[in-house]
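Reviewing the structure listed below.
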Amino acid sequence: MPQERIDPTTIPIGPEAVTRTVLGNGIVVLVHPNLSNASVVVQGRIVAGSVQDTTATAGLASFTAAALQRGTARRTFQQLNEEIDSLGASFSVGAGLEAAGFGGRCLVEDLDAWLDIAADVLRQPTFPAEEVEKLRGEILTGLREAANDTQYVANKAFRALAYPHGHPFGRLPDGEPDTVQALTRDDLAACHARFYRPDTLTLAIVGDVSPDEALAKVQRAFGDWRVASARPELDIPAPVPRPEPVRQDVPVPGKTQADIVLGFPGLTRHDPDFYALLVGDVIFGHLGLMGRLGRTVRDEQGLAYYATSGLEAGRGAGPWAVYAGVNPAHVERAIESIQAEWARLSTTPVTAQELADAQDFLTGSLALRLETNEGMAAAILEMEIYALGLDYLQRYPAIIRCLTAEQILAAVQRHAHLHGYALVVAGPV
């Protein structure tokens, strides 16, 4: 169902509601007071993602991030867990493709203690050998289990096929069993020493706390963090589209479902076509029960258990792809149907009703996100990471509603590389 139209003046986060401060060591702190909630949410981002891994060290960033909580200069793994539990708080850290993220929630009176834990974990991990080996075993077990998941296998193989060999987006962050097995404690420590640094750290704090109070607490926990080395550059090469289609069939014995991934590298978050392609993707694979793909491939033709699309856009050009789970007997017909829907999106403007529904969905879902402290913190972080401006959330509804069917068609035609797609089918032999 179409969502209620959102008045931009009702968006609760604007320039006057967010205090942005850069500390002397380069940490960017963004604070949004929300006096209606007695708790505080903190979300942080640091440029320490798996794009910094190499083919030989695949999984290093993810392993390092997971190991940070396994022991610090002041607390053992057990002590960290007990202290967080005693506060009734939450804390987690992990690494994705472009960055490592951490965050959690606590009562406002416990914010000093929470930030002290966060600073200890980020700044002083000791990577205890016994805990590192336990964690390695957990990661390897997860990778073995994932190798029997057709959806995971298809997505992993698709990335390797869609991107040039060695491109950081051609790998998943968790790595390979052999590379994870080969990583040493010294590798983790070196990764931490190089990439965990204040001048790439951004903190968003939302809750019942004033900007001055929050800044003072962050200064106490992180203000004396200094590094002497030069800041590493985040270099994500632009992928070159394939000149022709390529297909890979990956056998996963003993399965009754096949998973299909079909797509190509898309665009960056800063590409002028981003918003038009975002609306096009919502119409293609999200609206209602998974958009046009869900309606035709799944509902009308009965060829898929699910069919959806996804557009990943960050500092680098993530994939734009279709994901479908099908009966193995329907694989070829499902692929043909997906290709037909993509061709239609690339040749015919979306309808006025589809456009209005997508605009309502995107503006309405933003308002829903901002109803929680977690959603507000995530939105503020996004604004900073992509230099969108503190008035971005107020401008966003107009950005989406100004788009036309013709702009969407032009963006799809520029970025849908239908003559050079990568296709992976993972399923039973």
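Starting from 1 in every chain, residues are counted up; chains themselves are A, B, ... following the order of the structure tokens, and ligands are numbered from 1 as listed.
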With a distance cut-off of 8 Å and only C-alpha atoms, select the neighbouring residues of Arg226 (chain A), excluding the residue or stretch itself and same-chain residues fewer than 4 positions from it, and output the selection as a PDB file with N, CA and C atoms, in the first residue's frame.
```
ATOM      1  N   ASN A  25      42.015  15.485  17.676  1.00  0.00           N
ATOM      2  CA  ASN A  25      42.660  14.316  17.053  1.00  0.00           C
ATOM      3  C   ASN A  25      41.936  13.832  15.805  1.00  0.00           C
ATOM      4  N   ARG A 197      42.200   4.256  14.177  1.00  0.00           N
ATOM      5  CA  ARG A 197      42.837   5.529  14.443  1.00  0.00           C
ATOM      6  C   ARG A 197      41.753   6.600  14.568  1.00  0.00           C
ATOM      7  N   PRO A 198      42.019   7.661  15.325  1.00  0.00           N
ATOM      8  CA  PRO A 198      40.963   8.644  15.564  1.00  0.00           C
ATOM      9  C   PRO A 198      40.579   9.464  14.344  1.00  0.00           C
TER      10      PRO A 198
END
```
Would you tabulate, counting only C-alpha atoms, all residues of region 33-104 of chain A that have an atom at most 9 Å from an atom of region 117-122 of chain A, showing the closest pair of atoms and their distance in Å to one decimal, sorted by chain then ascending number, as a Markdown table?
```
| residue | atom | partner | partner_atom | distance |
| --- | --- | --- | --- | --- |
| A:Ala65 | CA | A:Leu122 | CA | 8.9 |
| A:Leu68 | CA | A:Val121 | CA | 5.7 |
| A:Gln69 | CA | A:Val121 | CA | 5.8 |
| A:Arg70 | CA | A:Val121 | CA | 8.7 |
| A:Gly71 | CA | A:Val121 | CA | 7.7 |
| A:Thr72 | CA | A:Val121 | CA | 6.1 |
| A:Ala73 | CA | A:Asp120 | CA | 7.5 |
| A:Arg74 | CA | A:Asp120 | CA | 7.3 |
| A:Arg75 | CA | A:Asp120 | CA | 8.2 |
| A:Leu80 | CA | A:Ile117 | CA | 7.6 |
| A:Glu83 | CA | A:Ile117 | CA | 8.6 |
| A:Ile84 | CA | A:Ile117 | CA | 8.2 |
| A:Phe91 | CA | A:Ala118 | CA | 8.0 |
| A:Phe102 | CA | A:Ala118 | CA | 8.4 |
| A:Gly103 | CA | A:Ala118 | CA | 8.4 |
```
Selected residues written out with N, CA and C atoms, as a JSON list (two decimals), in the first residue's frame:
```json
[["chain", "number", "residue", "atom", "x", "y", "z"],
["A", 65, "ALA", "N", 38.23, -7.10, 13.69],
["A", 65, "ALA", "CA", 37.12, -6.42, 14.37],
["A", 65, "ALA", "C", 36.46, -7.34, 15.40],
["A", 68, "LEU", "N", 38.51, -7.69, 18.69],
["A", 68, "LEU", "CA", 38.74, -6.55, 19.57],
["A", 68, "LEU", "C", 38.16, -6.75, 20.95],
["A", 69, "GLN", "N", 37.00, -7.41, 21.03],
["A", 69, "GLN", "CA", 36.33, -7.60, 22.31],
["A", 69, "GLN", "C", 36.83, -8.81, 23.09],
["A", 70, "ARG", "N", 37.79, -9.53, 22.55],
["A", 70, "ARG", "CA", 38.24, -10.75, 23.21],
["A", 70, "ARG", "C", 39.26, -10.50, 24.32],
["A", 71, "GLY", "N", 39.55, -9.27, 24.59],
["A", 71, "GLY", "CA", 40.47, -8.95, 25.68],
["A", 71, "GLY", "C", 41.19, -7.64, 25.40],
["A", 72, "THR", "N", 41.34, -6.80, 26.44],
["A", 72, "THR", "CA", 42.01, -5.51, 26.28],
["A", 72, "THR", "C", 43.08, -5.38, 27.35],
["A", 73, "ALA", "N", 43.76, -4.24, 27.34],
["A", 73, "ALA", "CA", 44.80, -4.00, 28.34],
["A", 73, "ALA", "C", 44.24, -3.92, 29.74],
["A", 74, "ARG", "N", 42.95, -3.63, 29.87],
["A", 74, "ARG", "CA", 42.34, -3.45, 31.19],
["A", 74, "ARG", "C", 41.28, -4.47, 31.54],
["A", 75, "ARG", "N", 40.81, -5.23, 30.55],
["A", 75, "ARG", "CA", 39.70, -6.15, 30.81],
["A", 75, "ARG", "C", 39.89, -7.43, 30.02],
["A", 80, "LEU", "N", 34.74, -7.92, 30.19],
["A", 80, "LEU", "CA", 34.01, -7.03, 29.29],
["A", 80, "LEU", "C", 32.53, -7.40, 29.25],
["A", 83, "GLU", "N", 30.78, -6.60, 32.57],
["A", 83, "GLU", "CA", 30.58, -5.17, 32.80],
["A", 83, "GLU", "C", 29.45, -4.63, 31.94],
["A", 84, "ILE", "N", 29.39, -5.05, 30.69],
["A", 84, "ILE", "CA", 28.31, -4.61, 29.81],
["A", 84, "ILE", "C", 26.97, -5.11, 30.34],
["A", 91, "PHE", "N", 26.72, -3.72, 23.44],
["A", 91, "PHE", "CA", 27.91, -3.23, 22.73],
["A", 91, "PHE", "C", 28.31, -4.29, 21.72],
["A", 102, "PHE", "N", 30.78, 0.03, 15.15],
["A", 102, "PHE", "CA", 30.53, -0.40, 16.52],
["A", 102, "PHE", "C", 29.39, 0.44, 17.08],
["A", 103, "GLY", "N", 28.80, -0.05, 18.14],
["A", 103, "GLY", "CA", 27.71, 0.71, 18.70],
["A", 103, "GLY", "C", 26.99, -0.05, 19.79]]
```
Going by DSSP on the backbone, which residues of region 14-73 of chain A come out as strand (DSSP E or B)? List them as a PyMOL selection string.
chain A and resi 19-22+28-33+39-46+71-72
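The shell of residues at most 8 Å from Pro173 (chain A), with only C-alpha atoms counted and near chain neighbours (fewer than 5 positions) removed, consists of Gly49, Ser50, Ala58, Gly59, Ala61, Ser62, Ala95, Gly96 and Leu97 of chain A.
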For region 188-195 of chain A, please output as a list in words all residues within 6 Å (counting only C-alpha atoms; exclusion window: fewer than 3 positions along the same chain).
Ala48, Thr64 and Arg185 of chain A
For the residues in the current selection, export C-alpha atoms as a compact mmCIF listing (two decimals), in the first residue's frame.
```txt
# COMPACT_ATOMS: atom_id res chain seq x y z
CA ALA A 48 38.86 -0.34 8.65
CA THR A 64 40.38 -8.21 13.58
CA ARG A 185 47.76 -12.92 15.97
```
Using only C-alpha atoms, the shortest atom-to-atom distance to Ile385 (chain A) among A:Asp212, A:Glu98, A:Glu16, A:Glu312 belongs to A:Glu98
Judged by only C-alpha atoms, the minimum distance to Ala334 (chain A) among A:Asp112, A:Glu300, A:Asp224, A:Glu374 is found for A:Glu300
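Contact shell of Gln43 (chain A) at 7 Å (only C-alpha atoms; same-chain neighbours under 6 positions omitted): Phe102, Gly103, Gly104, Leu203, Ala204, Ile205 and Ala377 of chain A.
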Write the selection just made, keeping N, CA and C atoms, as a PDB file, in the first residue's frame?
```
ATOM      1  N   PHE A 102      30.775   0.033  15.151  1.00  0.00           N
ATOM      2  CA  PHE A 102      30.531  -0.399  16.521  1.00  0.00           C
ATOM      3  C   PHE A 102      29.388   0.437  17.077  1.00  0.00           C
ATOM      4  N   GLY A 103      28.801  -0.054  18.138  1.00  0.00           N
ATOM      5  CA  GLY A 103      27.706   0.707  18.703  1.00  0.00           C
ATOM      6  C   GLY A 103      26.994  -0.046  19.790  1.00  0.00           C
ATOM      7  N   GLY A 104      25.991   0.627  20.354  1.00  0.00           N
ATOM      8  CA  GLY A 104      25.201   0.010  21.396  1.00  0.00           C
ATOM      9  C   GLY A 104      24.307   1.033  22.060  1.00  0.00           C
ATOM     10  N   LEU A 203      31.501   9.414  15.254  1.00  0.00           N
ATOM     11  CA  LEU A 203      30.598   8.982  16.321  1.00  0.00           C
ATOM     12  C   LEU A 203      29.276   9.736  16.216  1.00  0.00           C
ATOM     13  N   ALA A 204      28.167   9.013  16.276  1.00  0.00           N
ATOM     14  CA  ALA A 204      26.844   9.613  16.346  1.00  0.00           C
ATOM     15  C   ALA A 204      26.223   9.235  17.687  1.00  0.00           C
ATOM     16  N   ILE A 205      25.753  10.221  18.432  1.00  0.00           N
ATOM     17  CA  ILE A 205      25.163  10.006  19.747  1.00  0.00           C
ATOM     18  C   ILE A 205      23.765  10.608  19.753  1.00  0.00           C
ATOM     19  N   ALA A 377      20.543   7.732  14.680  1.00  0.00           N
ATOM     20  CA  ALA A 377      22.004   7.669  14.694  1.00  0.00           C
ATOM     21  C   ALA A 377      22.546   7.184  13.354  1.00  0.00           C
TER      22      ALA A 377
END
```
Excluding same-chain residues fewer than 4 positions from region 269-271 of chain A, what lies within 12 Å of it counting only C-alpha atoms, as a JSON list (two decimals) with N, CA and C atoms, in the first residue's frame?
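Result went into selection18.json, see below:
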```
[["chain", "number", "residue", "atom", "x", "y", "z"],
["A", 275, "TYR", "N", 19.91, 8.59, -6.97],
["A", 275, "TYR", "CA", 18.51, 8.64, -6.51],
["A", 275, "TYR", "C", 17.55, 8.10, -7.56],
["A", 276, "ALA", "N", 17.81, 8.41, -8.82],
["A", 276, "ALA", "CA", 16.95, 7.89, -9.88],
["A", 276, "ALA", "C", 17.03, 6.37, -9.94],
["A", 277, "LEU", "N", 18.25, 5.83, -9.81],
["A", 277, "LEU", "CA", 18.40, 4.38, -9.87],
["A", 277, "LEU", "C", 17.82, 3.73, -8.62],
["A", 278, "LEU", "N", 17.92, 4.40, -7.49],
["A", 278, "LEU", "CA", 17.32, 3.89, -6.25],
["A", 278, "LEU", "C", 15.82, 3.73, -6.41],
["A", 311, "LEU", "N", 20.46, -2.82, -4.68],
["A", 311, "LEU", "CA", 21.41, -1.82, -5.18],
["A", 311, "LEU", "C", 22.31, -1.41, -4.01],
["A", 312, "GLU", "N", 23.59, -1.76, -4.09],
["A", 312, "GLU", "CA", 24.56, -1.40, -3.05],
["A", 312, "GLU", "C", 25.42, -0.25, -3.57],
["A", 313, "ALA", "N", 25.37, 0.88, -2.89],
["A", 313, "ALA", "CA", 26.14, 2.04, -3.32],
["A", 313, "ALA", "C", 26.81, 2.67, -2.12],
["A", 314, "GLY", "N", 28.13, 2.74, -2.14],
["A", 314, "GLY", "CA", 28.89, 3.37, -1.06],
["A", 314, "GLY", "C", 29.98, 4.23, -1.65],
["A", 315, "ARG", "N", 31.14, 4.25, -0.98],
["A", 315, "ARG", "CA", 32.28, 4.97, -1.55],
["A", 315, "ARG", "C", 32.71, 4.32, -2.85],
["A", 316, "GLY", "N", 32.49, 3.01, -2.94],
["A", 316, "GLY", "CA", 32.75, 2.28, -4.17],
["A", 316, "GLY", "C", 31.44, 1.83, -4.80],
["A", 317, "ALA", "N", 31.56, 1.36, -6.04],
["A", 317, "ALA", "CA", 30.37, 0.92, -6.78],
["A", 317, "ALA", "C", 30.05, -0.53, -6.45],
["A", 318, "GLY", "N", 29.10, -0.71, -5.56],
["A", 318, "GLY", "CA", 28.65, -2.05, -5.22],
["A", 318, "GLY", "C", 27.79, -2.63, -6.31],
["A", 319, "PRO", "N", 27.37, -3.88, -6.19],
["A", 319, "PRO", "CA", 26.59, -4.52, -7.24],
["A", 319, "PRO", "C", 25.15, -4.07, -7.31],
["A", 382, "GLU", "N", 25.24, 8.44, 8.16],
["A", 382, "GLU", "CA", 25.20, 8.45, 6.70],
["A", 382, "GLU", "C", 25.42, 9.86, 6.16],
["A", 383, "MET", "N", 24.78, 10.83, 6.77],
["A", 383, "MET", "CA", 24.94, 12.22, 6.35],
["A", 383, "MET", "C", 26.40, 12.65, 6.41],
["A", 385, "ILE", "N", 29.20, 10.56, 6.56],
["A", 385, "ILE", "CA", 30.08, 9.72, 5.74],
["A", 385, "ILE", "C", 30.07, 10.16, 4.29],
["A", 386, "TYR", "N", 28.91, 10.52, 3.78],
["A", 386, "TYR", "CA", 28.80, 10.90, 2.37],
["A", 386, "TYR", "C", 28.69, 12.40, 2.16],
["A", 387, "ALA", "N", 29.02, 13.18, 3.19],
["A", 387, "ALA", "CA", 29.04, 14.65, 3.09],
["A", 387, "ALA", "C", 27.75, 15.19, 2.49],
["A", 388, "LEU", "N", 26.62, 14.73, 3.03],
["A", 388, "LEU", "CA", 25.32, 15.11, 2.48],
["A", 388, "LEU", "C", 24.80, 16.42, 3.04],
["A", 411, "ALA", "N", 18.67, 6.70, -16.19],
["A", 411, "ALA", "CA", 19.64, 6.15, -15.24],
["A", 411, "ALA", "C", 19.76, 4.64, -15.41],
["A", 414, "ARG", "N", 21.82, 3.82, -18.40],
["A", 414, "ARG", "CA", 23.25, 4.06, -18.23],
["A", 414, "ARG", "C", 23.93, 2.99, -17.37],
["A", 415, "HIS", "N", 23.18, 2.38, -16.45],
["A", 415, "HIS", "CA", 23.83, 1.51, -15.46],
["A", 415, "HIS", "C", 23.44, 0.04, -15.54]]
```
Find the spatial neighbours of Leu355 (chain A), counting only C-alpha atoms, within a cut-off of 9 Å - ignore same-chain residues fewer than 4 positions away - and output them as a PDB file with C-alpha atoms, in the first residue's frame.
```pdb
ATOM      1  CA  VAL A 279      13.700   4.646  -7.162  1.00  0.00           C
ATOM      2  CA  GLY A 280      13.970   2.394 -10.209  1.00  0.00           C
ATOM      3  CA  ILE A 283       9.948  -0.411  -8.385  1.00  0.00           C
ATOM      4  CA  VAL A 350       7.789   3.300 -15.169  1.00  0.00           C
ATOM      5  CA  THR A 351       4.121   4.185 -14.758  1.00  0.00           C
ATOM      6  CA  GLN A 359       8.237   7.919  -3.758  1.00  0.00           C
ATOM      7  CA  ASP A 360       5.727   7.349  -0.960  1.00  0.00           C
ATOM      8  CA  ARG A 401       9.593  13.543  -5.294  1.00  0.00           C
ATOM      9  CA  LEU A 403      12.376  12.570  -9.942  1.00  0.00           C
ATOM     10  CA  THR A 404      10.570  11.741 -13.191  1.00  0.00           C
ATOM     11  CA  ALA A 405       9.961   8.510 -15.057  1.00  0.00           C
TER      12      ALA A 405
END
```
